[in-house]
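This report refers to the structure that appears directly beneath it.
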4 protein chains.
Amino acid sequence: MPSLEAPPRRLRAAVLGATGAVGQTFLRLLADHPWFEVGALIASERSAGRSYGEAVRWLGPGPLPAAFAGLPVLPPETVPDCDLAFSGLDTAAAAEIEPRLAAAGLPVISNAGAFRMDPTVPLLVPEVNAEHAHRVRAQATWPGFLVTNPNCSVVGLVMAAKPLADAFGLEALQVTTLQAISGAGYPGVAALDVLGNVLPWIGNEEEKLETEPQKILGRLAGDGFQLAEMRISAQANRVPVVDGHLLSMSLRFGRRVAIDEVRRALDGFGQPLASLALPSAPARALALCDGPEEPQPRLHVGLGAGMTVSLGRLRHCPIEDVRLVALVHNTIRGAAGGAILNAELLWRLGYLGPRWSCPN
Amino acid sequence: MPSLEAPPRRLRAAVLGATGAVGQTFLRLLADHPWFEVGALIASERSAGRSYGEAVRWLGPGPLPAAFAGLPVLPPETVPDCDLAFSGLDTAAAAEIEPRLAAAGLPVISNAGAFRMDPTVPLLVPEVNAEHAHRVRAQATWPGFLVTNPNCSVVGLVMAAKPLADAFGLEALQVTTLQAISGAGYPGVAALDVLGNVLPWIGNEEEKLETEPQKILGRLAGDGFQLAEMRISAQANRVPVVDGHLLSMSLRFGRRVAIDEVRRALDGFGQPLASLALPSAPARALALCDGPEEPQPRLHVGLGAGMTVSLGRLRHCPIEDVRLVALVHNTIRGAAGGAILNAELLWRLGYLGPRWSCPN
Amino acid sequence: MPSLEAPPRRLRAAVLGATGAVGQTFLRLLADHPWFEVGALIASERSAGRSYGEAVRWLGPGPLPAAFAGLPVLPPETVPDCDLAFSGLDTAAAAEIEPRLAAAGLPVISNAGAFRMDPTVPLLVPEVNAEHAHRVRAQATWPGFLVTNPNCSVVGLVMAAKPLADAFGLEALQVTTLQAISGAGYPGVAALDVLGNVLPWIGNEEEKLETEPQKILGRLAGDGFQLAEMRISAQANRVPVVDGHLLSMSLRFGRRVAIDEVRRALDGFGQPLASLALPSAPARALALCDGPEEPQPRLHVGLGAGMTVSLGRLRHCPIEDVRLVALVHNTIRGAAGGAILNAELLWRLGYLGPRWSCPN
Amino acid sequence: MPSLEAPPRRLRAAVLGATGAVGQTFLRLLADHPWFEVGALIASERSAGRSYGEAVRWLGPGPLPAAFAGLPVLPPETVPDCDLAFSGLDTAAAAEIEPRLAAAGLPVISNAGAFRMDPTVPLLVPEVNAEHAHRVRAQATWPGFLVTNPNCSVVGLVMAAKPLADAFGLEALQVTTLQAISGAGYPGVAALDVLGNVLPWIGNEEEKLETEPQKILGRLAGDGFQLAEMRISAQANRVPVVDGHLLSMSLRFGRRVAIDEVRRALDGFGQPLASLALPSAPARALALCDGPEEPQPRLHVGLGAGMTVSLGRLRHCPIEDVRLVALVHNTIRGAAGGAILNAELLWRLGYLGPRWSCPN
């Protein structure tokens with residue numbers, strides 16, 4: 001059993017892509033983190049050399065924390081003198097920068113899509129597949145390494161699916177998403193495209209929804225990740241909501257199930273990580289809402305400080321077995337908050353630490 | 001073959017529920033109709049006795065047509081001296097008022113839900129099941145009668161499904177809807193509930209989506225409607241869009257089909273009513289969009305003056321056979337415009353006319 | 001100088017109009033208040049007799065606090081066994097209920113409009129006219145009494161105007177407001193009216209904006225309130241924003257002023273109540289924003305937990321003297337939060353207390 | 001008096017900046033124009049060489065007209081073989097391209113801001129200052145020349161102000177604008193900036209509102225434009241509306257006026273161009289709305305096919321003399337439609353024609 005101690009000092013975290021939407025969310029969440037502190041801000045050539053306050057277009061909510069405004073923005077080639085790095089880079093930048101930092105010995109906790117399906121890289125949602133984390137030791141760059149969290153919608157999907165897959169076997173899953181604009185970063189979606197409108201397509205989103213869950217819900221085999229066998233059909237829509245991706249799902253199980261069984265499985269999920277006392281883990285990983293119009297972004301997106309996935313509308317499906325609706329906070333649980341929880345898990349598992357005493 | 005002549009004079013239509021959202025749309029569409037004219041405005045006790053301009057909170061788009069502003073609003077018990085009645089009543093009022101008018105000899109073309117599943121009442125979408133119209137002769141009130149059009153989302157569903165059901169057999173259909181606020185009438189949805197938000201439930205909507213299509217896509221048997229055998233699973237969401245219901249659908253057919261076959265079936269649908277020269281029938285019943293983000297409310301809801309159903313994102317489904325997205329203008333094709341098209345068909349079929357020469 | 005002690009026990013507060021939008025905000029803000037606790041929930045006849053969880057349509061953000069869900073809702077004629085009452089009643093109900101409770105000896109801290117201009121009732125914004133509070137002793141119902149806070153937009157106006165009126169004399173003020181939908185309560189504004197739209201009128205709003213400030217900025221004379229002499233011209237608009245009223249203002253002073261003088265006057269305002277250590281008083285009553293697009297609802301409405309008024313765009317006016325933009329959180333500072341701050345001030349001034357030891 | 005004949009053949013118009021938001025509106029409005037037809041599409045280097053259908057991201061409403069999809073996009077250095085050019089260029093491109101085309105003999109009807117305040121360039125709103133058009137003869141490039149229309153908000157302001165300035169003398173005008181997102185072009189405003197939010201600043205907008213009206217409402221003096229003497233104070237806000245700029249105005253006149261006088265002056269404005277029979281001139285230049293919540297974008301933006309300016313809320317001002325609200329369709333009357341009306345006026349005045357017979 002892992003020790004439950006906090007790091008001996010706050011670990012210094014570089015934030016890659018610090019001026020972007022995900023980077024800003026990292027800063028908001030790290031501003032008061034008990035284990036981590038911001039050690040370096042790294043962004044594109046265009047921002048480098050300016051103070052963060054000058055370089056960023058701060059998106060809120062709330063104004064830019066004063067502590068960050070004066071920090072210098074470092075160029076993308078920087079190898080920061082930090083204990084770990086959080087990455088909010090876009091895919092192309094991540095593909096180049098993240099391996100370089102891992103090769104330099106840095107643990108890189110990434111929200112980017114570049115290496116999610118790499119056979120040595122954990123695609124980690126701590127409540128779902130914490131054991132995948134151990135695969136970092138197989139990386140060529142060890143003790144530098146790379147850990148990823150999934151696409152923002154995928155997190156909601158796998159959190160809802162995990163207890164059901166464990167209890168009943170999950171064979172097929174239809175999902176239609178209604179995704180918030182913050183998922184596209186900044187400037188992201190043009191107001192003219194989405195105000196009073198829906199866009200029935202999001203580039204690459206359906207592909208991710210149809211492939212990432214099988215890795216996350218799969219098993220760690222001796223030499224890699226064994227994908228879970230299930231078929232997924234995803235349809236993604238962009239809706240005029242600021243934060244909160246909603247998923248209408250229909251699931252087919254290995255056997256007929258009663259709605260009450262499903263409810264018990266979801267209720268019983270609790271917080272599988274409770275014994276690890278991770279600061280960002282919500283008290284309950286899943287919240288099961290009772291109202292007919294629940295969950296909804298306005299009311300539920302902030303549950304568990306944005307780290308709880310809300311579920312509702314649990315009912316029989318005339319075609320598959322069970323239908324339900326899930327809501328995930330896409331920039332917290334689905335991005336920066338999920339990555340920070342990954343880092344907390346990695347500390348507990350002994351894979352993070354002050355660099356000069358990094359375990360191996 | 002029916003005659004292609006227009007009525008000898010414009011038929012006088014009463015509008016029931018004239019001050020409501022659907023009633024207003026009837027007025028906008030009838031303002032310049034070649035065959036029909038507004039003969040009486042009937043609304044609730046609260047509005048009766050005032051001029052229409054005083055009684056209505058006009059919702060636009062565009063200001064209230066001056067021709068209607070001065071008309072008197074008649075009380076709900078009125079039996080209007082008209083050739084037909086269009087009903088935009090709510091379910092409870094329709095249940096009481098519509099049969100009374102039919103019994104008085106009036107053809108009632110209703111958008112209400114009260115009698116849609118009645119075994120003698122056609123649930124009519126002219127491009128899909130025009131032959132169901134003949135069932136009006138079986139009604140006890142003949143030559144007064146009642147014809148209904150379906151729920152606004154159902155219209156989009158059955159229009160898209162019809163050519164595919166005919167060509168390949170339709171066994172199952174998963175649909176998640178993203179529905180506009182105008183579908184709830186006025187005042188309808190509170191702004192606080194839907195601005196920047198999604199409501200993952202609409203009262204009674206899923207039940208209608210799961211039962212009305214089987215009647216519409218079914219056959220007229222000797223003594224009633226034989227329901228089509230297909231299973232439907234529907235999940236309904238309210239989104240902050242003014243007009244235009246979007247449907248993400250996944251369809252399972254009686255045999256494996258190639259996407260190209262599906263495309264040809266949809267393209268080939270054309271306008272099945274073309275030979276009838278109905279004024280409100282769009283040139284093409286279905287429009288197949290090519291862009292990846294199409295159809296969408298902003299761009300496509302007004303196609304065919306709001307009477308065309310737009311389709312897009314046609315592609316294979318990893319679970320069922322085919323996926324696609326449909327868009328229907330909920331207050332035009334899905335409500336008042338659909339009802340007016342029904343009336344046009346009924347004229348062509350000889351079931352409407354100046355009342356003193358009503359065919360029987 | 002008043003004592004800085006907290007009440008000897010939490011004062012029990014009844015919430016009038018508890019199921020309404022303002023009532024809900026009272027509950028959210030009182031859930032963790034150090035001096036007050038919810039002692040009774042009173043609502044209309046329709047809600048009375050049910051539990052609060054059954055009676056309320058909770059508007060969030062966040063789900064209904066569990067502590068309130070089980071409380072009984074009491075009927076409007078209740079005289080609660082409490083130390084004070086917060087009122088979120090509408091004007092008509094307030095006109096009847098509030099005087100009755102005051103007559104029963106209860107301090108009533110009201111957000112309603114019914115008695116704001118009454119010559120014995122303080123219209124209180126603590127940072128602006130704390131001394132008006134003493135007028136409660138002139139009320140016929142003393143030691144029961146009535147204190148009001150102003151219209152939600154007026155709070156932003158007078159907070160911004162106060163330091164400038166003191167420094168330069170304020171002669172005239174043009175204001176155009178852009179007001180959030182939550183200001184209309186629930187169900188309030190219909191989504192069809194405001195989604196993607198602006199309503200250039202709000203009933204009674206301009207009248208309040210043109211009359212309440214003169215009372216608040218006026219002086220407490222021996223026998224009543226002496227109105228400040230200034231002319232105000234207000235134009236009110238409803239915009240599709242959830243929380244946060246924005247005011248574009250243009251002010252004419254008694255003398256020409258330089259922008260730098262104005263900036264210093266605003267910066268110097270600080271928190272005039274600092275010495276009173278009121279729990280809900282923000283560290284700074286006014287926040288002066290620097291960015292060209294500031295203040296804006298998304299970024300600034302939550303400053304000071306919603307109790308700070310944000311200012312920006314300070315510049316010369318070609319017609320009057322100075323222009324600026326103010327932002328006020330309409331449901332917190334402009335309603336329930338403002339009322340709670342009033343109650344905190346009243347405790348400090350000795351006008352509240354456990355009822356059996358109420359000062360007189 | 002000018003002849004009322006249409007051109008002998010449709011005049012061929014080049015559209016500059018054809019892929020932009022204003023360029024697209026030109027195409028929509030020219031698709032069925034009786035006097036003009038699209039003769040060439042010119043856009044930036046990036047789009048040149050592709051078909052219009054490939055190069056454009058079409059913004060609607062409605063899909064891209066098929067007639068334009070196949071046209072080639074020509075590079076910015078093109079001197080088109082056309083009778084005139086409409087320009088939807090941005091300021092920088094206009095500064096370079098428009099004078100070159102005028103020098104090549106082409107009439108350039110521009111919506112760009114680059115030359116609006118040039119002393120030889122008319123800043124034209126036909127109902128307001130048609131006589132300014134004659135100034136084109138003073139341009140060095142004659143018979144090639146340049147005519148501009150004003151900033152989109154300015155059009156609403158001067159249309160409302162013109163009859164009042166003529167009748168009463170206009171000394172000062174306070175205006176706060178609530179401007180739609182389409183005014184910023186595409187991609188323009190990021191959804192994250194404006195969804196559920198207001199931005200209380202629009203770059204350069206207030207400067208234009210405070211200077212362009214004086215030129216438009218001024219007189220054509222022998223050697224230039226004599227600016228009207230009036231002070232304007234403008235505050236500009238961006239609101240989440242698609243089309244339609246709303247202006248809250250307060251006006252001070254040379255003498256005290258009664259509201260009834262103002263109403264008569266506005267009503268009497270009619271269509272000053274009526275005798276010219278211009279195809280795009282609306283039947284009434286101004287529409288005076290009666291309802292308390294009017295005008296509003298949803299209901300009134302399309303009046304007169306988007307060419308009528310709607311007015312409402314006419315009432316006394318406690319500080320100036322009169323207050324009112326104006327609404328202008330920013331992409332039609334305020335941009336492409338206004339430019340086309342300018343071209344129609346220029347034809348009537350004899351300044352346009354088939355190029356080989358261009359009048360001089």
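Naming works like this for the structure tokens: A, B, ... for the chains as they're shown, residue 1 at the start of each chain, ligands 1 onward in shown order.
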For this session: Restrict the distance test to only C-alpha atoms, flag each residue of chain A within 9 Å of chain D, and return the flagged residues as a PyMOL selection string.
Result: chain A and resi 59+181-182+185-196+240-242
Filtering to all heavy atoms, could you give me those residues as a short mmCIF file (atom, residue, chain, number, x, y, z; two decimals), in the first residue's frame?
data_model
loop_
_atom_site.label_atom_id
_atom_site.label_comp_id
_atom_site.auth_asym_id
_atom_site.auth_seq_id
_atom_site.Cartn_x
_atom_site.Cartn_y
_atom_site.Cartn_z
N LEU A 59 -9.23 34.04 -20.02
CA LEU A 59 -10.61 33.67 -20.34
C LEU A 59 -11.51 33.54 -19.12
O LEU A 59 -12.72 33.38 -19.26
CB LEU A 59 -10.61 32.33 -21.10
CG LEU A 59 -9.83 32.33 -22.41
CD1 LEU A 59 -9.73 30.93 -22.97
CD2 LEU A 59 -10.48 33.26 -23.42
N ILE A 181 -18.50 24.83 -26.02
CA ILE A 181 -17.54 25.54 -26.88
C ILE A 181 -16.15 25.60 -26.26
O ILE A 181 -15.17 25.68 -26.99
CB ILE A 181 -18.02 26.97 -27.19
CG1 ILE A 181 -18.32 27.75 -25.91
CG2 ILE A 181 -19.26 26.93 -28.06
CD1 ILE A 181 -18.62 29.22 -26.16
N SER A 182 -16.04 25.54 -24.95
CA SER A 182 -14.70 25.64 -24.36
C SER A 182 -13.85 24.44 -24.75
O SER A 182 -12.63 24.50 -24.65
CB SER A 182 -14.79 25.78 -22.84
OG SER A 182 -15.42 24.65 -22.26
N GLY A 185 -11.05 25.23 -27.29
CA GLY A 185 -10.00 26.18 -26.99
C GLY A 185 -10.37 27.59 -27.39
O GLY A 185 -11.55 27.90 -27.60
N TYR A 186 -9.34 28.45 -27.49
CA TYR A 186 -9.56 29.86 -27.81
C TYR A 186 -8.65 30.27 -28.95
O TYR A 186 -7.48 29.90 -28.92
CB TYR A 186 -9.29 30.73 -26.59
CG TYR A 186 -9.65 32.17 -26.84
CD1 TYR A 186 -10.94 32.62 -26.63
CD2 TYR A 186 -8.70 33.07 -27.33
CE1 TYR A 186 -11.29 33.93 -26.89
CE2 TYR A 186 -9.04 34.38 -27.60
CZ TYR A 186 -10.34 34.81 -27.38
OH TYR A 186 -10.68 36.10 -27.65
N PRO A 187 -9.10 31.02 -29.97
CA PRO A 187 -10.46 31.51 -30.13
C PRO A 187 -11.47 30.41 -30.43
O PRO A 187 -12.65 30.60 -30.22
CB PRO A 187 -10.36 32.50 -31.28
CG PRO A 187 -9.13 32.11 -32.03
CD PRO A 187 -8.21 31.50 -31.03
N GLY A 188 -11.06 29.27 -30.93
CA GLY A 188 -11.97 28.15 -31.04
C GLY A 188 -13.13 28.43 -31.97
O GLY A 188 -12.96 28.89 -33.10
N VAL A 189 -14.31 28.16 -31.50
CA VAL A 189 -15.50 28.27 -32.33
C VAL A 189 -15.88 29.74 -32.51
O VAL A 189 -15.93 30.49 -31.54
CB VAL A 189 -16.68 27.52 -31.68
CG1 VAL A 189 -17.88 27.48 -32.62
CG2 VAL A 189 -16.27 26.11 -31.29
N ALA A 190 -16.14 30.13 -33.75
CA ALA A 190 -16.61 31.49 -34.02
C ALA A 190 -18.04 31.65 -33.51
O ALA A 190 -18.87 30.75 -33.68
CB ALA A 190 -16.56 31.78 -35.52
N ALA A 191 -18.32 32.80 -32.92
CA ALA A 191 -19.68 33.04 -32.40
C ALA A 191 -20.71 32.90 -33.52
O ALA A 191 -21.79 32.36 -33.31
CB ALA A 191 -19.76 34.43 -31.77
N LEU A 192 -20.37 33.36 -34.73
CA LEU A 192 -21.33 33.26 -35.83
C LEU A 192 -21.68 31.81 -36.15
O LEU A 192 -22.73 31.53 -36.72
CB LEU A 192 -20.78 33.93 -37.09
CG LEU A 192 -21.04 35.42 -37.23
CD1 LEU A 192 -20.36 35.97 -38.48
CD2 LEU A 192 -22.54 35.73 -37.27
N ASP A 193 -20.81 30.88 -35.82
CA ASP A 193 -21.08 29.47 -36.11
C ASP A 193 -21.99 28.82 -35.07
O ASP A 193 -22.66 27.83 -35.38
CB ASP A 193 -19.77 28.68 -36.17
CG ASP A 193 -19.08 28.83 -37.52
OD1 ASP A 193 -19.78 29.07 -38.52
OD2 ASP A 193 -17.84 28.74 -37.57
N VAL A 194 -22.00 29.32 -33.87
CA VAL A 194 -22.62 28.52 -32.82
C VAL A 194 -23.68 29.26 -32.00
O VAL A 194 -24.47 28.63 -31.30
CB VAL A 194 -21.53 27.91 -31.90
CG1 VAL A 194 -21.04 28.93 -30.89
CG2 VAL A 194 -22.02 26.65 -31.22
N LEU A 195 -23.75 30.58 -32.10
CA LEU A 195 -24.76 31.31 -31.34
C LEU A 195 -26.14 30.99 -31.90
O LEU A 195 -26.42 31.24 -33.06
CB LEU A 195 -24.48 32.81 -31.42
CG LEU A 195 -25.44 33.71 -30.63
CD1 LEU A 195 -25.33 33.49 -29.14
CD2 LEU A 195 -25.16 35.17 -30.95
N GLY A 196 -27.01 30.40 -31.08
CA GLY A 196 -28.34 30.01 -31.55
C GLY A 196 -28.29 28.91 -32.59
O GLY A 196 -29.19 28.77 -33.40
N PRO A 240 -24.26 25.62 -28.07
CA PRO A 240 -23.88 26.89 -27.43
C PRO A 240 -23.97 26.86 -25.90
O PRO A 240 -24.85 27.46 -25.31
CB PRO A 240 -24.86 27.90 -28.04
CG PRO A 240 -26.00 27.11 -28.55
CD PRO A 240 -25.51 25.73 -28.84
N VAL A 241 -23.05 26.14 -25.33
CA VAL A 241 -22.89 26.01 -23.88
C VAL A 241 -21.43 26.34 -23.60
O VAL A 241 -20.57 26.00 -24.42
CB VAL A 241 -23.23 24.56 -23.45
CG1 VAL A 241 -22.75 24.27 -22.03
CG2 VAL A 241 -24.72 24.28 -23.58
N VAL A 242 -21.12 26.99 -22.50
CA VAL A 242 -19.73 27.36 -22.24
C VAL A 242 -18.93 26.16 -21.74
O VAL A 242 -17.89 25.82 -22.30
CB VAL A 242 -19.65 28.54 -21.25
CG1 VAL A 242 -18.20 28.79 -20.85
CG2 VAL A 242 -20.23 29.79 -21.89
#
Exercise. Could you pull the residues within 7 Å of stretch 20-27 of chain D, counting only C-alpha atoms, minus those fewer than 5 positions along the same chain, as an NGL selection string?
Worked result: :D and (15 or 88 or 185-186 or 331 or 335-336)
Exercise. From the set B:Pro99, B:Pro318, B:Glu206, B:Arg28, which residue has the shortest atom-to-atom contact distance to A:Ile232, counting only C-alpha atoms?
Worked result: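 When distances to A:Ile232 are compared using only C-alpha atoms, the smallest one comes from B:Pro318.
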For this session: Please run DSSP on the backbone and report, as a PyMOL selection string, all residues within stretch 154-359 of chain A that come out as alpha helix (DSSP H).
Result: chain A and resi 154-168+191-194+205-216+259-267+297-300+337-348
For this session: Please identify all polymer residues within 7 Å of stretch 208-216 of chain C, counting only C-alpha atoms, omitting same-chain residues fewer than 2 positions from it, and present them as JSON, numbers by chain.
Result: {"C": [123, 124, 129, 150, 151, 154, 158, 204, 205, 206, 218, 225, 226, 227, 228, 229, 230, 232, 233, 234]}
Can you spit out the residues from that selection as a PDB file, in the first residue's frame, using N, CA, C and O atoms?
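As a result, part12.pdb now contains:
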ATOM      1  N   LEU C 123     -33.284  53.070   2.455  1.00  0.00           N
ATOM      2  CA  LEU C 123     -32.966  52.400   1.193  1.00  0.00           C
ATOM      3  C   LEU C 123     -31.453  52.313   1.202  1.00  0.00           C
ATOM      4  O   LEU C 123     -30.757  53.252   0.835  1.00  0.00           O
ATOM      5  N   LEU C 124     -30.978  51.160   1.600  1.00  0.00           N
ATOM      6  CA  LEU C 124     -29.637  51.077   2.171  1.00  0.00           C
ATOM      7  C   LEU C 124     -28.635  50.358   1.266  1.00  0.00           C
ATOM      8  O   LEU C 124     -28.896  49.257   0.791  1.00  0.00           O
ATOM      9  N   ASN C 129     -24.527  54.732   2.177  1.00  0.00           N
ATOM     10  CA  ASN C 129     -25.347  55.543   3.086  1.00  0.00           C
ATOM     11  C   ASN C 129     -25.684  54.800   4.376  1.00  0.00           C
ATOM     12  O   ASN C 129     -26.835  54.766   4.806  1.00  0.00           O
ATOM     13  N   PRO C 150     -31.859  48.646  -2.765  1.00  0.00           N
ATOM     14  CA  PRO C 150     -32.429  49.192  -4.004  1.00  0.00           C
ATOM     15  C   PRO C 150     -32.522  48.169  -5.124  1.00  0.00           C
ATOM     16  O   PRO C 150     -32.024  47.038  -5.020  1.00  0.00           O
ATOM     17  N   ASN C 151     -33.154  48.592  -6.180  1.00  0.00           N
ATOM     18  CA  ASN C 151     -33.169  47.893  -7.458  1.00  0.00           C
ATOM     19  C   ASN C 151     -31.755  47.457  -7.830  1.00  0.00           C
ATOM     20  O   ASN C 151     -30.788  48.154  -7.565  1.00  0.00           O
ATOM     21  N   VAL C 154     -29.596  49.860  -9.723  1.00  0.00           N
ATOM     22  CA  VAL C 154     -29.317  51.071  -8.954  1.00  0.00           C
ATOM     23  C   VAL C 154     -28.093  50.884  -8.063  1.00  0.00           C
ATOM     24  O   VAL C 154     -27.306  51.811  -7.860  1.00  0.00           O
ATOM     25  N   VAL C 158     -25.126  53.638  -7.854  1.00  0.00           N
ATOM     26  CA  VAL C 158     -24.776  54.479  -6.705  1.00  0.00           C
ATOM     27  C   VAL C 158     -23.399  54.142  -6.139  1.00  0.00           C
ATOM     28  O   VAL C 158     -22.715  55.019  -5.623  1.00  0.00           O
ATOM     29  N   ASN C 204     -40.814  49.242 -15.407  1.00  0.00           N
ATOM     30  CA  ASN C 204     -40.554  49.982 -14.163  1.00  0.00           C
ATOM     31  C   ASN C 204     -39.081  50.196 -13.858  1.00  0.00           C
ATOM     32  O   ASN C 204     -38.753  50.797 -12.833  1.00  0.00           O
ATOM     33  N   GLU C 205     -38.212  49.687 -14.710  1.00  0.00           N
ATOM     34  CA  GLU C 205     -36.787  49.740 -14.375  1.00  0.00           C
ATOM     35  C   GLU C 205     -36.240  51.157 -14.498  1.00  0.00           C
ATOM     36  O   GLU C 205     -35.484  51.621 -13.644  1.00  0.00           O
ATOM     37  N   GLU C 206     -36.612  51.828 -15.555  1.00  0.00           N
ATOM     38  CA  GLU C 206     -36.072  53.173 -15.751  1.00  0.00           C
ATOM     39  C   GLU C 206     -36.577  54.114 -14.674  1.00  0.00           C
ATOM     40  O   GLU C 206     -35.840  54.980 -14.190  1.00  0.00           O
ATOM     41  N   GLY C 218     -28.776  60.889  -1.008  1.00  0.00           N
ATOM     42  CA  GLY C 218     -29.211  62.062  -0.254  1.00  0.00           C
ATOM     43  C   GLY C 218     -28.779  61.991   1.206  1.00  0.00           C
ATOM     44  O   GLY C 218     -28.098  61.058   1.634  1.00  0.00           O
ATOM     45  N   PHE C 225     -35.522  61.770   4.713  1.00  0.00           N
ATOM     46  CA  PHE C 225     -34.426  61.706   3.761  1.00  0.00           C
ATOM     47  C   PHE C 225     -34.514  62.910   2.830  1.00  0.00           C
ATOM     48  O   PHE C 225     -35.551  63.150   2.207  1.00  0.00           O
ATOM     49  N   GLN C 226     -33.419  63.634   2.718  1.00  0.00           N
ATOM     50  CA  GLN C 226     -33.378  64.767   1.801  1.00  0.00           C
ATOM     51  C   GLN C 226     -32.741  64.293   0.504  1.00  0.00           C
ATOM     52  O   GLN C 226     -31.585  63.851   0.489  1.00  0.00           O
ATOM     53  N   LEU C 227     -33.492  64.326  -0.575  1.00  0.00           N
ATOM     54  CA  LEU C 227     -33.011  63.761  -1.840  1.00  0.00           C
ATOM     55  C   LEU C 227     -31.837  64.562  -2.379  1.00  0.00           C
ATOM     56  O   LEU C 227     -31.810  65.795  -2.284  1.00  0.00           O
ATOM     57  N   ALA C 228     -30.881  63.850  -2.948  1.00  0.00           N
ATOM     58  CA  ALA C 228     -29.791  64.524  -3.651  1.00  0.00           C
ATOM     59  C   ALA C 228     -30.356  65.194  -4.899  1.00  0.00           C
ATOM     60  O   ALA C 228     -31.263  64.672  -5.540  1.00  0.00           O
ATOM     61  N   GLU C 229     -29.821  66.321  -5.239  1.00  0.00           N
ATOM     62  CA  GLU C 229     -30.296  67.026  -6.430  1.00  0.00           C
ATOM     63  C   GLU C 229     -29.458  66.633  -7.622  1.00  0.00           C
ATOM     64  O   GLU C 229     -28.331  67.097  -7.794  1.00  0.00           O
ATOM     65  N   MET C 230     -29.983  65.778  -8.424  1.00  0.00           N
ATOM     66  CA  MET C 230     -29.295  65.393  -9.656  1.00  0.00           C
ATOM     67  C   MET C 230     -30.349  64.849 -10.596  1.00  0.00           C
ATOM     68  O   MET C 230     -31.370  64.307 -10.168  1.00  0.00           O
ATOM     69  N   ILE C 232     -31.293  62.219 -13.599  1.00  0.00           N
ATOM     70  CA  ILE C 232     -30.857  60.939 -14.146  1.00  0.00           C
ATOM     71  C   ILE C 232     -31.749  60.587 -15.328  1.00  0.00           C
ATOM     72  O   ILE C 232     -32.976  60.749 -15.272  1.00  0.00           O
ATOM     73  N   SER C 233     -31.122  60.124 -16.399  1.00  0.00           N
ATOM     74  CA  SER C 233     -31.851  59.628 -17.569  1.00  0.00           C
ATOM     75  C   SER C 233     -31.418  58.194 -17.803  1.00  0.00           C
ATOM     76  O   SER C 233     -30.233  57.926 -18.015  1.00  0.00           O
ATOM     77  N   ALA C 234     -32.360  57.269 -17.758  1.00  0.00           N
ATOM     78  CA  ALA C 234     -32.019  55.849 -17.823  1.00  0.00           C
ATOM     79  C   ALA C 234     -32.724  55.162 -18.982  1.00  0.00           C
ATOM     80  O   ALA C 234     -33.901  55.414 -19.251  1.00  0.00           O
TER      81      ALA C 234
END
Exercise. Near D:Gly304, within 8 Å and counting only C-alpha atoms, which residues show up once chain neighbours fewer than 5 positions away are dropped, as a PyMOL selection string?
Worked result: chain D and resi 282-284
Exercise. Could you write out, as an NGL selection string, all the residues of stretch 104-260 of chain C that DSSP marks as strand (DSSP E or B)?
Worked result: :C and (107-110 or 123 or 145-148 or 170-179 or 190 or 199 or 219-221 or 224-226 or 231-238 or 245-253)
Problem set entry | d(atom CA of D:Ala67, atom CA of D:Phe36) in Å |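 Computing it gives 14.7 Å between the two atoms.
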